[in-house]
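Inspection log for the structure reproduced underneath, given as structure tokens.
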Amino acid sequence: MTLAALCYVLAKPIWDWDVIGYLALAKHLLGHDWVSTHQWVYGLVDQLPEAWRTDLLGREDFRRVVAHDPEALRQVSAFYAERVGYYGLLAMLIALKVPGLVAVRVLSVLALLLVASGSWLWLKKICGTAGWRGWLAVFLLAVVLAFPSVMKVLRWSNPDGLVAGCYLLGVYAYLRGREQGWLAAWLAMVVLRPNTALWLAPLALYEIATQRWQRGWVLGCIGALAVTLHNIFPAYGAMVGWHHTFVGAFAYPESLRLPFSWDFYRMWLGEKMLGLHGRDLLLFMLMWASLGVVGWKGNVRMSWVAAALAGGVLVQVLVFPGFWERLYVGPVLTLLLLAASCVRGVTWAKA
């Protein structure tokens with residue numbers, strides 16, 4: 001089933017516009033100026049099927065402007081600059097003479113392997129591998145990999161699939177008491193996308209509240225790394241980011257100065273949450289259902305851990321008002337597996 005999923009990931013990639021920014025940053029990281037970077041990136045876009053090419057080049061005025069102006073590409077790429085882990089991996093592959101579009105697919109395959117291996121470790125713990133339970137674990141792995149939200153995030157041309165795999169492996173290692181494992185997984189996750197450190201903030205508070213100072217301190221250091229990455233790379237304020245995402249994209253965001261507005265924030269948070277539908281809503285409800293199951297079937301520690309994990313998702317939703325399927329597949333899948341482990345009475349390492 002992993003091979004079937006792999007073939008689908010390779011055959012049906014989703015080329016969202018963000019891939020332009022990531023490829024541009026990767027090429028620029030290798031020492032190219034923005035004029036040659038712009039030519040190279042849009043040369044790759046010209047190789048895509050017509051439907052994707054039309055979408056990336058002309059779906060809105062913003063895209064048409066960036067497609068013709070290297071300076072606009074430079075400014076817009078700053079929205080992704082702190083995610084150095086992802087475009088750093090792209091740059092490494094490109095330096096090894098891997099074509100840019102192929103490099104994106106290679107990272108999608110890596111994401112698939114991370115999610116598949118992480119899910120398998122969880123399912124082995126939940127089901128066991130002897131007799132019919134082993135076949136049940138195999139069947140459930142096929143269900144996980146075939147679930148539309150999981151498969152979609154693995155096909156997307158951004159770091160979200162890798163982030164989901166790192167988060168899944170990190171929580172598994174955390175519950176098993178494998179300190180080096182969760183530290184490595186969550187460090188990788190934060191370097192791929194620094195704002196995911198918000199997912200870990202309630203967990204750090206839980207560790208501190210229960211006087212596990214070393215874990216709390218390490219989680220705090222991961223958060224400090226995220227803050228450092230955010231500050232050493234070009235970035236724009238929250239209002240610019242929200243307007244760019246929710247209202248209308250800016251081709252030249254560098255000169256914008258938008259003061260924070262509570263009215264705007266409350267409007268968009270309410271609008272996005274009330275507008276939840278489709279698989280976004282399904283994932284949101286699955287998160288709450290999983291939390292309820294853990295509270296019902298799990299012990300006190302598992303209940304607090306699950307609450308901290310769900311709380312981390314809510315923290316990020318508050319910072320970036322919107323619950324989007326591709327952003328939260330990893331945390332929701334992890335909470336579902338945690339709920340299943342509590343139903344099965346799985347024993348984890350002592351705190």
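Quick note on naming: the chains in the structure tokens go A, B, ... in the order shown, residues restart at 1 in each chain, and ligands are numbered from 1 in order of appearance.
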field: 6 Å contact set for region 149-165 of chain A, only C-alpha atoms, chain neighbours under 2 positions out, as number ranges by chain
entry: A: 9, 13-15, 19, 86, 108, 111-112, 114-115, 147, 167-168, 189, 326, 330
Would you list the contacts of Ser341 (chain A) as a compact mmCIF listing (two decimals) with C-alpha atoms, in the first residue's frame, taking every protein, DNA or RNA residue within 12 Å and counting only C-alpha atoms, but skipping same-chain residues closer than 4 positions in sequence?
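What follows is the written file result-v8.txt:
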# COMPACT_ATOMS: atom_id res chain seq x y z
CA LEU A 121 5.10 2.59 14.62
CA TRP A 122 1.89 3.82 16.25
CA LEU A 123 -0.20 1.00 14.78
CA LYS A 124 2.31 -1.64 15.83
CA LYS A 125 2.08 -0.30 19.37
CA ILE A 126 -1.72 -0.24 19.24
CA CYS A 127 -2.43 -3.53 17.43
CA GLY A 128 0.69 -5.62 17.83
CA TYR A 172 5.42 8.83 19.40
CA LEU A 175 5.32 9.02 24.73
CA SER A 290 -10.21 12.23 19.85
CA VAL A 293 -12.01 9.63 23.83
CA VAL A 294 -8.63 10.15 25.49
CA LYS A 297 -10.46 6.02 28.23
CA GLY A 298 -7.00 7.37 29.05
CA ASN A 299 -5.27 8.03 32.33
CA MET A 302 -2.65 10.99 28.66
CA ALA A 306 -3.86 15.18 24.57
CA THR A 334 -1.62 11.96 15.99
CA LEU A 335 -4.57 12.65 18.30
CA LEU A 336 -6.63 9.97 16.53
CA LEU A 337 -3.86 7.43 17.06
CA GLY A 345 -5.14 0.30 26.91
CA VAL A 346 -1.61 0.80 25.54
CA THR A 347 0.99 1.42 28.22
CA TRP A 348 3.47 4.19 27.44
message: Env of region 205-214 of chain A: 9 Å cut, atoms = only C-alpha atoms, seq-sep filter 2 positions within chain, self excluded. Answer as a ChimeraX atom specification.
response: /A:200-203,216-219,304-305,308,351
Which residues come within 12 Å of Leu256 (chain A), counting only C-alpha atoms, excluding same-chain residues fewer than 4 positions away, as a compact mmCIF listing (two decimals) with N, CA and C atoms, in the first residue's frame?
# COMPACT_ATOMS: atom_id res chain seq x y z
N GLN A 75 10.44 40.13 -3.08
CA GLN A 75 9.68 40.59 -1.93
C GLN A 75 8.69 39.55 -1.44
N ALA A 235 10.87 39.20 7.18
CA ALA A 235 9.49 38.82 7.52
C ALA A 235 8.63 40.07 7.52
N TYR A 236 7.33 39.87 7.46
CA TYR A 236 6.38 40.97 7.50
C TYR A 236 5.49 40.80 8.72
N GLY A 237 4.85 41.87 9.14
CA GLY A 237 3.99 41.82 10.31
C GLY A 237 2.75 40.96 10.09
N ALA A 238 2.08 40.66 11.22
CA ALA A 238 0.89 39.80 11.16
C ALA A 238 -0.18 40.37 10.25
N MET A 239 -0.40 41.69 10.31
CA MET A 239 -1.46 42.28 9.50
C MET A 239 -1.18 42.14 8.01
N VAL A 240 0.07 42.33 7.63
CA VAL A 240 0.43 42.15 6.21
C VAL A 240 0.20 40.70 5.81
N GLY A 241 0.62 39.77 6.68
CA GLY A 241 0.43 38.35 6.39
C GLY A 241 -1.03 37.97 6.27
N HIS A 243 -3.65 39.99 5.59
CA HIS A 243 -4.23 40.61 4.39
C HIS A 243 -3.78 39.86 3.13
N HIS A 244 -2.49 39.53 3.08
CA HIS A 244 -1.93 38.82 1.93
C HIS A 244 -2.63 37.48 1.74
N PHE A 250 -0.28 40.61 -2.05
CA PHE A 250 0.51 41.79 -2.42
C PHE A 250 1.68 41.38 -3.29
N ALA A 251 1.88 42.06 -4.40
CA ALA A 251 3.05 41.81 -5.24
C ALA A 251 4.28 42.51 -4.70
N TYR A 252 4.08 43.60 -3.92
CA TYR A 252 5.21 44.37 -3.37
C TYR A 252 4.95 44.65 -1.88
task: Tell me, in Å to one decimal, how far CA of Ala11 (chain A) is from CA of Glu50 (chain A).
output: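 Calculated distance between CA of Ala11 (chain A) and CA of Glu50 (chain A) is 15.6 Å.
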query: Looking at A:Tyr8, A:Ser119, A:Trp296, A:Leu136, which one is nearest to Gly170 (chain A), with distances taken over only C-alpha atoms?
result: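 Checking each of A:Tyr8, A:Ser119, A:Trp296, A:Leu136 against Gly170 (chain A), counting only C-alpha atoms, the winner is A:Ser119.
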- prompt: When DSSP works through the backbone of this structure, what residues of region 177-284 of chain A end up as helix (DSSP H, G or I), shown as JSON, numbers by chain?
  reply: {"A": [179, 180, 181, 182, 183, 184, 185, 186, 187, 188, 189, 190, 191, 192, 194, 195, 196, 197, 198, 199, 200, 201, 202, 203, 204, 205, 206, 207, 208, 209, 213, 214, 215, 216, 217, 218, 219, 220, 221, 222, 223, 224, 225, 226, 227, 228, 229, 230, 231, 232, 238, 239, 240, 241, 242, 243, 244, 245, 246, 247, 253, 254, 255, 262, 263, 264, 265, 266, 267, 268, 269, 270, 271, 272, 273, 274, 278, 279, 280, 281, 282, 283, 284]}
task: Take CA of Ala72 (chain A) and CA of Gly21 (chain A) and report the distance between them in Å, one decimal.
output: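 These atoms are spaced 10.7 Å apart.
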query: With only C-alpha atoms as the basis for distance, which of A:Val76, A:Gly295, A:Gly275, A:Gly177 is at the shortest distance from Val343 (chain A)?
result: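 Looking at the shortest contact to Val343 (chain A), the residue is A:Gly295.
Every protein or nucleic acid residue with an atom no more than 7 Å from Pro321 (chain A), counting only C-alpha atoms and leaving out same-chain residues fewer than 4 positions away, appears here: Trp268, Leu269, Lys272 and Val317 of chain A.
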